[in-house]
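Text of upload_22.cif (mmCIF, C-alpha atoms and all ligand atoms) as supplied:
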```cif
data_model
loop_
_atom_site.label_atom_id
_atom_site.label_comp_id
_atom_site.auth_asym_id
_atom_site.auth_seq_id
_atom_site.Cartn_x
_atom_site.Cartn_y
_atom_site.Cartn_z
CA MET D 25 24.58 -0.47 -23.31
CA LEU D 26 22.07 -0.16 -20.48
CA CYS D 27 19.28 2.32 -21.01
CA ILE D 28 16.25 3.43 -18.97
CA ILE D 29 12.97 4.22 -20.70
CA SER D 30 9.73 5.53 -19.18
CA ARG D 31 6.15 5.05 -20.27
CA ARG D 32 3.38 7.39 -19.15
CA ALA D 33 -0.15 6.24 -18.42
CA GLN D 34 -3.17 7.74 -16.68
CA PHE D 35 -6.19 6.63 -14.72
CA SER D 36 -8.94 8.34 -12.77
CA ALA D 37 -9.98 6.75 -9.51
CA SER D 38 -11.44 7.53 -6.13
CA HIS D 39 -10.34 6.47 -2.67
CA ARG D 40 -11.06 7.05 0.96
CA TYR D 41 -8.76 7.00 3.97
CA TRP D 42 -10.88 4.99 6.36
CA LEU D 43 -9.96 2.11 8.67
CA PRO D 44 -13.03 0.06 9.67
CA GLU D 45 -11.40 -1.00 12.93
CA LEU D 46 -11.36 2.62 14.09
CA SER D 47 -14.35 4.68 15.20
CA GLU D 48 -15.62 7.55 13.06
CA ALA D 49 -14.05 10.06 15.45
CA GLU D 50 -10.70 8.24 15.31
CA ASN D 51 -10.79 8.11 11.49
CA ILE D 52 -11.55 11.83 11.33
CA GLN D 53 -8.78 12.58 13.77
CA LYS D 54 -6.28 10.48 11.81
CA PHE D 55 -7.21 11.33 8.21
CA GLY D 56 -9.22 14.57 8.41
CA ALA D 57 -11.27 15.39 5.31
CA CYS D 58 -9.73 12.37 3.49
CA SER D 59 -11.91 10.12 5.68
CA ARG D 60 -15.18 11.61 4.37
CA PHE D 61 -17.78 9.31 2.83
CA PRO D 62 -17.88 8.31 -0.01
CA GLY D 63 -14.29 9.28 -0.80
CA TYR D 64 -12.85 11.56 -3.45
CA GLY D 65 -10.99 11.19 -6.72
CA HIS D 66 -7.83 12.07 -8.59
CA ASN D 67 -6.59 11.99 -12.14
CA TYR D 68 -3.52 9.88 -11.47
CA VAL D 69 -0.52 10.07 -13.80
CA LEU D 70 1.78 7.06 -13.80
CA PHE D 71 5.35 6.81 -15.10
CA VAL D 72 6.73 3.30 -15.48
CA SER D 73 10.53 3.24 -15.88
CA LEU D 74 12.26 0.19 -17.34
CA VAL D 75 15.90 -0.78 -17.78
CA GLY D 76 17.55 -2.99 -20.34
CA GLU D 77 20.13 -3.46 -23.07
CA LEU D 78 19.54 -1.79 -26.42
CA ASP D 79 18.64 -4.37 -29.05
CA GLU D 80 19.46 -4.41 -32.75
CA TYR D 81 16.35 -2.33 -33.43
CA GLY D 82 17.47 0.45 -31.08
CA MET D 83 14.98 -0.41 -28.34
CA ILE D 84 15.14 -2.10 -24.96
CA LEU D 85 11.52 -3.23 -25.29
CA ASN D 86 8.76 -2.73 -27.77
CA LEU D 87 6.83 0.23 -26.33
CA SER D 88 3.61 -1.02 -27.83
CA ASN D 89 3.92 -4.23 -25.77
CA VAL D 90 4.79 -2.20 -22.67
CA LYS D 91 1.69 -0.08 -23.21
CA HIS D 92 -0.51 -3.17 -23.46
CA VAL D 93 0.93 -4.73 -20.29
CA ILE D 94 0.38 -1.51 -18.30
CA ASN D 95 -3.14 -1.24 -19.64
CA ARG D 96 -4.06 -4.87 -19.06
CA LYS D 97 -2.57 -5.20 -15.58
CA VAL D 98 -3.07 -1.71 -14.16
CA THR D 99 -4.91 1.11 -15.90
CA SER D 100 -7.85 -0.83 -17.34
CA ILE D 101 -8.51 -2.16 -13.82
CA LEU D 102 -7.90 1.02 -11.82
CA ASP D 103 -9.53 3.51 -14.22
CA PHE D 104 -12.90 4.70 -12.88
CA SER D 105 -12.58 2.43 -9.86
CA TYR D 106 -12.94 2.89 -6.12
CA LEU D 107 -9.40 1.92 -5.17
CA ASN D 108 -10.16 0.67 -1.65
CA ASP D 109 -12.21 -2.19 -3.12
CA VAL D 110 -10.50 -2.92 -6.41
CA TRP D 111 -7.43 -4.84 -5.20
CA LEU D 112 -7.12 -6.87 -2.02
CA GLU D 113 -3.81 -5.12 -1.28
CA PHE D 114 -5.71 -1.86 -0.73
CA GLN D 115 -7.94 -3.46 1.88
CA GLN D 116 -4.86 -4.45 3.84
CA THR D 117 -2.99 -1.16 3.26
CA LEU D 118 -4.79 2.06 2.32
CA PRO D 119 -4.37 3.31 -1.27
CA THR D 120 -2.06 6.26 -0.62
CA PRO D 121 0.06 7.31 -3.61
CA GLU D 122 3.14 5.60 -2.11
CA ASN D 123 1.23 2.37 -1.57
CA ILE D 124 -0.47 2.46 -4.97
CA ALA D 125 3.00 2.88 -6.54
CA ARG D 126 4.27 -0.14 -4.53
CA VAL D 127 1.34 -2.34 -5.53
CA ILE D 128 1.59 -1.32 -9.19
CA TRP D 129 5.26 -2.35 -9.02
CA GLN D 130 4.26 -5.77 -7.67
CA ARG D 131 1.64 -6.19 -10.41
CA LEU D 132 3.98 -5.20 -13.26
CA LYS D 133 7.23 -6.73 -12.02
CA PRO D 134 6.60 -10.26 -13.42
CA ASP D 135 6.23 -8.77 -16.94
CA LEU D 136 8.53 -5.74 -17.08
CA PRO D 137 12.15 -4.93 -16.07
CA LEU D 138 11.12 -2.15 -13.68
CA VAL D 139 13.48 0.34 -12.08
CA ARG D 140 10.95 2.89 -10.88
CA ILE D 141 7.25 3.52 -10.50
CA GLN D 142 6.34 7.17 -10.18
CA LEU D 143 2.75 8.11 -9.43
CA PHE D 144 1.36 11.64 -9.42
CA GLU D 145 -1.80 12.06 -7.37
CA HIS D 146 -1.83 15.64 -8.62
CA PRO D 147 0.92 17.91 -9.98
CA GLU D 148 1.98 18.94 -6.45
CA LEU D 149 2.14 15.46 -4.90
CA TRP D 150 3.77 12.31 -6.17
CA ALA D 151 5.35 9.07 -4.95
CA ASP D 152 8.34 7.10 -6.18
CA TYR D 153 8.81 3.40 -5.53
CA LEU D 154 12.04 1.61 -6.47
CA GLY D 155 11.28 -1.95 -5.44
CA ASN D 156 12.81 -1.94 -1.95
CA GLY D 157 10.32 -3.62 0.38
CA MET D 158 8.13 -1.03 2.07
CA GLU D 159 10.49 1.88 1.34
CA ALA D 160 9.08 4.73 -0.75
CA TYR D 161 9.58 8.40 -1.54
CA LEU D 162 7.00 11.14 -1.40
CA THR D 163 7.42 14.57 -2.96
CA LEU D 164 5.44 17.71 -2.19
CA SER D 165 5.87 20.75 -4.37
CA THR D 166 5.07 24.30 -3.41
CA TYR D 167 6.35 27.79 -4.13
CA PHE D 168 7.32 31.07 -2.53
CA SER D 169 8.19 34.51 -3.85
CA ALA D 170 11.27 36.28 -2.57
CA ALA D 171 13.82 38.90 -3.48
CA HIS D 172 17.56 38.58 -3.19
CA LYS D 173 20.85 40.13 -4.15
CA LEU D 174 23.85 38.00 -4.99
CA ALA D 175 26.60 39.88 -3.22
CA HIS D 176 28.95 38.83 -0.48
CA PRO D 177 28.77 41.38 2.34
CA ARG D 178 32.56 41.37 2.74
CA LEU D 179 33.28 42.16 -0.92
CA SER D 180 33.05 45.54 -2.68
CA GLY D 181 30.30 46.33 -5.15
CA GLU D 182 32.79 46.04 -7.98
CA GLU D 183 34.09 42.65 -6.82
CA ASN D 184 30.56 41.32 -6.42
CA PHE D 185 29.62 42.53 -9.89
CA LYS D 186 32.62 40.66 -11.31
CA ILE D 187 31.41 37.41 -9.72
CA TYR D 188 27.62 37.68 -9.90
CA GLY D 189 27.00 40.15 -12.75
CA LYS D 190 23.71 42.04 -12.62
CA CYS D 191 22.43 39.63 -9.93
CA ALA D 192 24.58 41.82 -7.63
CA ASN D 193 22.58 44.99 -8.43
CA PRO D 194 22.31 46.85 -5.08
CA ASN D 195 18.49 46.96 -4.95
CA GLY D 196 18.03 43.24 -5.59
CA HIS D 197 15.52 41.41 -7.76
CA GLY D 198 12.85 38.75 -7.22
CA HIS D 199 11.84 35.23 -8.22
CA ASN D 200 8.85 32.95 -7.87
CA TYR D 201 10.72 29.98 -6.45
CA HIS D 202 9.33 26.53 -7.07
CA LEU D 203 10.25 24.10 -4.30
CA GLU D 204 10.09 20.30 -4.21
CA VAL D 205 10.66 18.45 -0.94
CA THR D 206 11.19 14.69 -1.15
CA VAL D 207 11.01 12.49 1.94
CA LYS D 208 11.89 8.84 2.23
CA GLY D 209 10.40 6.34 4.65
CA GLU D 210 8.73 3.02 5.29
CA ILE D 211 5.12 2.56 4.20
CA ASP D 212 2.96 1.85 7.24
CA PRO D 213 1.40 -1.59 6.57
CA ARG D 214 -2.06 -0.37 7.64
CA THR D 215 -2.34 3.34 6.78
CA GLY D 216 -0.16 3.09 3.64
CA MET D 217 1.62 6.29 4.63
CA ILE D 218 5.32 6.97 5.03
CA VAL D 219 4.50 10.25 6.74
CA ASP D 220 1.44 12.23 7.83
CA LEU D 221 0.92 14.39 4.74
CA GLY D 222 -0.89 17.15 6.60
CA ALA D 223 1.91 17.36 9.15
CA LEU D 224 4.55 17.39 6.39
CA ASN D 225 2.70 20.18 4.60
CA GLN D 226 2.47 22.10 7.84
CA ALA D 227 6.22 21.66 8.56
CA ILE D 228 7.16 23.01 5.12
CA LYS D 229 4.81 25.94 5.63
CA GLU D 230 5.97 26.68 9.15
CA TYR D 231 9.73 26.26 8.74
CA VAL D 232 10.23 27.47 5.16
CA ILE D 233 7.34 29.28 3.49
CA GLU D 234 6.50 31.57 6.41
CA LEU D 235 10.14 32.55 6.72
CA PHE D 236 10.92 32.99 3.01
CA ASP D 237 7.72 34.08 1.29
CA HIS D 238 7.61 37.78 0.37
CA SER D 239 10.94 38.40 2.06
CA PHE D 240 14.18 40.02 1.02
CA LEU D 241 16.31 36.98 1.75
CA ASN D 242 19.58 38.82 2.42
CA LYS D 243 18.02 40.91 5.19
CA ASP D 244 15.00 38.99 6.45
CA VAL D 245 16.51 35.51 6.83
CA PRO D 246 19.35 35.50 9.39
CA TYR D 247 21.06 32.55 7.62
CA PHE D 248 21.85 34.85 4.68
CA ALA D 249 23.49 37.60 6.71
CA GLU D 250 26.86 36.11 5.79
CA VAL D 251 25.85 33.50 3.16
CA VAL D 252 25.04 34.60 -0.40
CA PRO D 253 21.46 33.51 -1.24
CA THR D 254 22.19 31.68 -4.48
CA ALA D 255 19.66 28.99 -5.43
CA GLU D 256 22.17 26.42 -4.17
CA ASN D 257 22.51 28.08 -0.76
CA ILE D 258 18.74 28.60 -0.46
CA ALA D 259 18.17 24.88 -1.15
CA LEU D 260 20.86 24.00 1.38
CA CYS D 261 19.30 26.29 3.98
CA ILE D 262 15.87 24.71 3.36
CA SER D 263 17.35 21.23 3.76
CA GLN D 264 18.82 22.22 7.11
CA LEU D 265 15.57 23.83 8.27
CA LEU D 266 13.52 20.75 7.38
CA ARG D 267 15.79 17.90 8.38
CA SER D 268 14.83 17.69 12.08
CA PRO D 269 11.09 18.44 11.72
CA ILE D 270 10.81 15.68 9.10
CA GLN D 271 12.81 13.30 11.30
CA GLU D 272 10.32 14.05 14.09
CA LEU D 273 7.50 13.00 11.75
CA GLY D 274 9.16 9.61 11.34
CA ALA D 275 10.56 10.10 7.82
CA THR D 276 13.89 11.19 6.36
CA LEU D 277 14.46 14.25 4.22
CA TYR D 278 15.87 12.84 0.98
CA LYS D 279 16.03 15.73 -1.48
CA VAL D 280 15.34 19.44 -1.81
CA LYS D 281 14.94 20.76 -5.35
CA LEU D 282 14.67 24.48 -5.94
CA MET D 283 13.78 26.02 -9.30
CA GLU D 284 14.70 29.66 -9.38
CA THR D 285 13.55 30.16 -12.97
CA PRO D 286 12.45 27.69 -15.65
CA ASN D 287 16.10 27.75 -16.81
CA ASN D 288 17.82 27.33 -13.49
CA SER D 289 17.34 24.72 -10.77
CA CYS D 290 19.39 22.89 -8.18
CA GLU D 291 19.04 19.74 -6.11
CA ILE D 292 20.44 18.94 -2.67
CA TYR D 293 20.57 15.27 -1.70
CA CYS D 294 20.42 15.08 2.06
CA THR D 295 22.68 12.12 2.72
CA GLU D 296 24.03 10.98 6.06
CA SER D 297 27.34 12.70 5.38
CA ASP D 298 25.69 16.14 5.35
CA SER D 299 26.30 18.22 8.40
CA ASN D 300 24.25 21.05 9.83
CA SER D 301 27.07 23.41 8.98
CA VAL D 302 26.13 26.76 7.51
CA ASN D 303 29.16 26.48 5.27
CA ALA D 304 27.53 25.84 1.93
CA ALA D 305 30.80 25.27 0.13
CA GLN D 306 31.45 21.99 1.93
CA ASN D 307 28.19 20.44 0.83
CA GLN D 308 28.75 20.76 -2.92
CA PRO D 309 25.20 21.14 -4.18
CA VAL D 310 24.49 20.09 -7.74
CA LEU D 311 23.42 22.94 -10.00
CA VAL D 312 21.42 21.86 -13.02
CA ARG D 313 21.00 24.39 -15.81
CA LEU D 314 18.08 23.26 -17.91
ZN ZN I 1 18.12 35.94 -8.74
#
```
Encoded form using structure tokens:
Amino acid sequence: MLCIISRRAQFSASHRYWLPELSEAENIQKFGACSRFPGYGHNYVLFVSLVGELDEYGMILNLSNVKHVINRKVTSILDFSYLNDVWLEFQQTLPTPENIARVIWQRLKPDLPLVRIQLFEHPELWADYLGNGMEAYLTLSTYFSAAHKLAHPRLSGEENFKIYGKCANPNGHGHNYHLEVTVKGEIDPRTGMIVDLGALNQAIKEYVIELFDHSFLNKDVPYFAEVVPTAENIALCISQLLRSPIQELGATLYKVKLMETPNNSCEIYCTESDSNSVNAAQNQPVLVRL
């Protein structure tokens, strides 16, 4: 039976987004504060996922060996390093999280049956690399607070209560929503970026957070005039709001994950077959109850 296991590792390192072929003004324009001398650091958290058949000892690999390989080939070298100088790959392509994940894959692949490298630059920003050329995924997480009422405007109070229970209470209730937006794209061979992070942050702020934060969704967001703002429909709405702006930034919206409470989250995968329809029912979001 095939099984996937993941091993966590950490390293602290600094980096700087700076291209020597550009002038100082051009570097500042392109990378903002990230271009500042002498760079800045992160406590990176790495998850190495491996696939294999279970052996007679109930393992796919001896985790102790996996730990040693990761340490020898990656963390012992990157820990307390200045990434731009440590590996030649980072001189060719800047050490963004998506590019670091790609290069770690290349370094570990000869020794381990990898299926995924996931690298957190900090808890709100991480990259996933699955071994497909220059393709990578970048996830930004953020949050907003909003109130809602789960009640269809065309149903009576009694009917809504039957369907949604106390979530249909007439005066509504609120949540601190936790949002994760994952984009997919090609790593630029020089800047190491699949998308301009500042611009992506700005798009999420402008198209989602400003509209949703501290709102009563049913009344303040026109989309929910006729659509019940369940977590699934909110995630679907967010995916529709972000699809074009992210396309304009040169990447593709891959996934929207919305956590309504620690016990309740949903994920929308924004595949080609999705339409821009406001009819949530056709898109069949996946609801995950943790
Ligand atoms: Zn609720």
**OP:** Give me the residues within 9 Å of range 72-82 of chain D as an MDAnalysis selection string, counting all atoms listed in the file and dropping any in the same chain fewer than 4 places off.
**Re:** chainID D and resid 25:33 94 129 136:143
Subject >> Two-atom distance - CA of Ser169 in chain D, CA of Cys191 in chain D (Å) >> reply: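 Straight-line distance from CA of Ser169 in chain D to CA of Cys191 in chain D works out to 16.3 Å.
With distances restricted to all atoms listed in the file, D:Glu113 is the closest residue to Arg131 in chain D from D:Glu113, D:Glu204, D:Glu183, D:Asp152.
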**OP:** Just the residues within 12 Å of Ile233 in chain D, please, counting all atoms listed in the file, with nothing from its chain fewer than 4 positions along; format it as an MDAnalysis selection string.
**Re:** chainID D and resid 165:170 201:203 225:229 237:239 241 245 262 265:266
Could you build a table of the residues in chain D lying no more than 9 Å from ligand ZN 1 (chain I), giving for each the nearest pair of atoms and their separation in Å rounded to one decimal place, using all atoms listed in the file, ordered by chain and ascending residue number, as a tab-separated table?
```
residue	atom	partner	partner_atom	distance
D:Ala171	CA	I:ZN1	ZN	7.4
D:His172	CA	I:ZN1	ZN	6.2
D:Lys173	CA	I:ZN1	ZN	6.8
D:Leu174	CA	I:ZN1	ZN	7.2
D:Cys191	CA	I:ZN1	ZN	5.8
D:Ala192	CA	I:ZN1	ZN	8.8
D:Gly196	CA	I:ZN1	ZN	8.0
D:His197	CA	I:ZN1	ZN	6.1
D:Gly198	CA	I:ZN1	ZN	6.2
D:His199	CA	I:ZN1	ZN	6.3
D:Pro253	CA	I:ZN1	ZN	8.6
D:Thr254	CA	I:ZN1	ZN	7.3
D:Ala255	CA	I:ZN1	ZN	7.9
D:Glu284	CA	I:ZN1	ZN	7.2
D:Thr285	CA	I:ZN1	ZN	8.5
```
Centre and size of axis-aligned box enclosing range 61-80 of chain D plus 3 Å each side, as JSON:
```
{"center_x": 1.1, "center_y": 3.8, "center_z": -15.0, "size_x": 44.0, "size_y": 22.5, "size_z": 41.6}
```
Original post:
Restricting the calculation to all atoms listed in the file, which member of D:Glu250, D:Leu162, D:Lys186, D:Lys243 is positioned closest to Val280 in chain D?
Top reply: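 Closest to Val280 in chain D of all the choices is D:Leu162.
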Original post:
Can you tell me, as a count of residues only, what residues are no more than 12 Å from Leu102 in chain D when counting only C-alpha atoms, ignoring any on the same chain fewer than 3 positions away?
Top reply: 31
**OP:** Could you tell me how far CA of Trp150 in chain D lies from CA of Glu210 in chain D, in Å and to one decimal?
**Re:**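 These atoms are spaced 15.6 Å apart.
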Original post:
Rounded to one decimal in Å, what is the spacing between CA of Asp135 in chain D and CA of Tyr161 in chain D?
Top reply: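 The value is 23.3 Å.
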**OP:** Identify which of the residues D:Tyr64, D:Ala223, D:Glu291, D:Glu50 lies closest to Phe104 in chain D, counting all atoms listed in the file when measuring atom-to-atom distances.
**Re:**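 Using all atoms listed in the file, the shortest distance to Phe104 in chain D belongs to D:Tyr64.
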Original post:
Looking at only C-alpha atoms, which of D:Asp103, D:Asp212, D:Glu182, D:Glu45 is the one that sits closest to Ala275 in chain D?
Top reply: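 Looking at the shortest contact to Ala275 in chain D, the residue is D:Asp212.
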**OP:** Would you mind telling me which residue in D:Asn184, D:Thr215, D:Asn195, D:Thr117 lies nearest to Asn242 in chain D when using only C-alpha atoms?
**Re:** D:Asn195
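Take the candidates D:Thr206, D:His92, D:Arg267, D:Ile258 and check each one against Lys279 in chain D using all atoms listed in the file; the shortest distance goes to D:Thr206.
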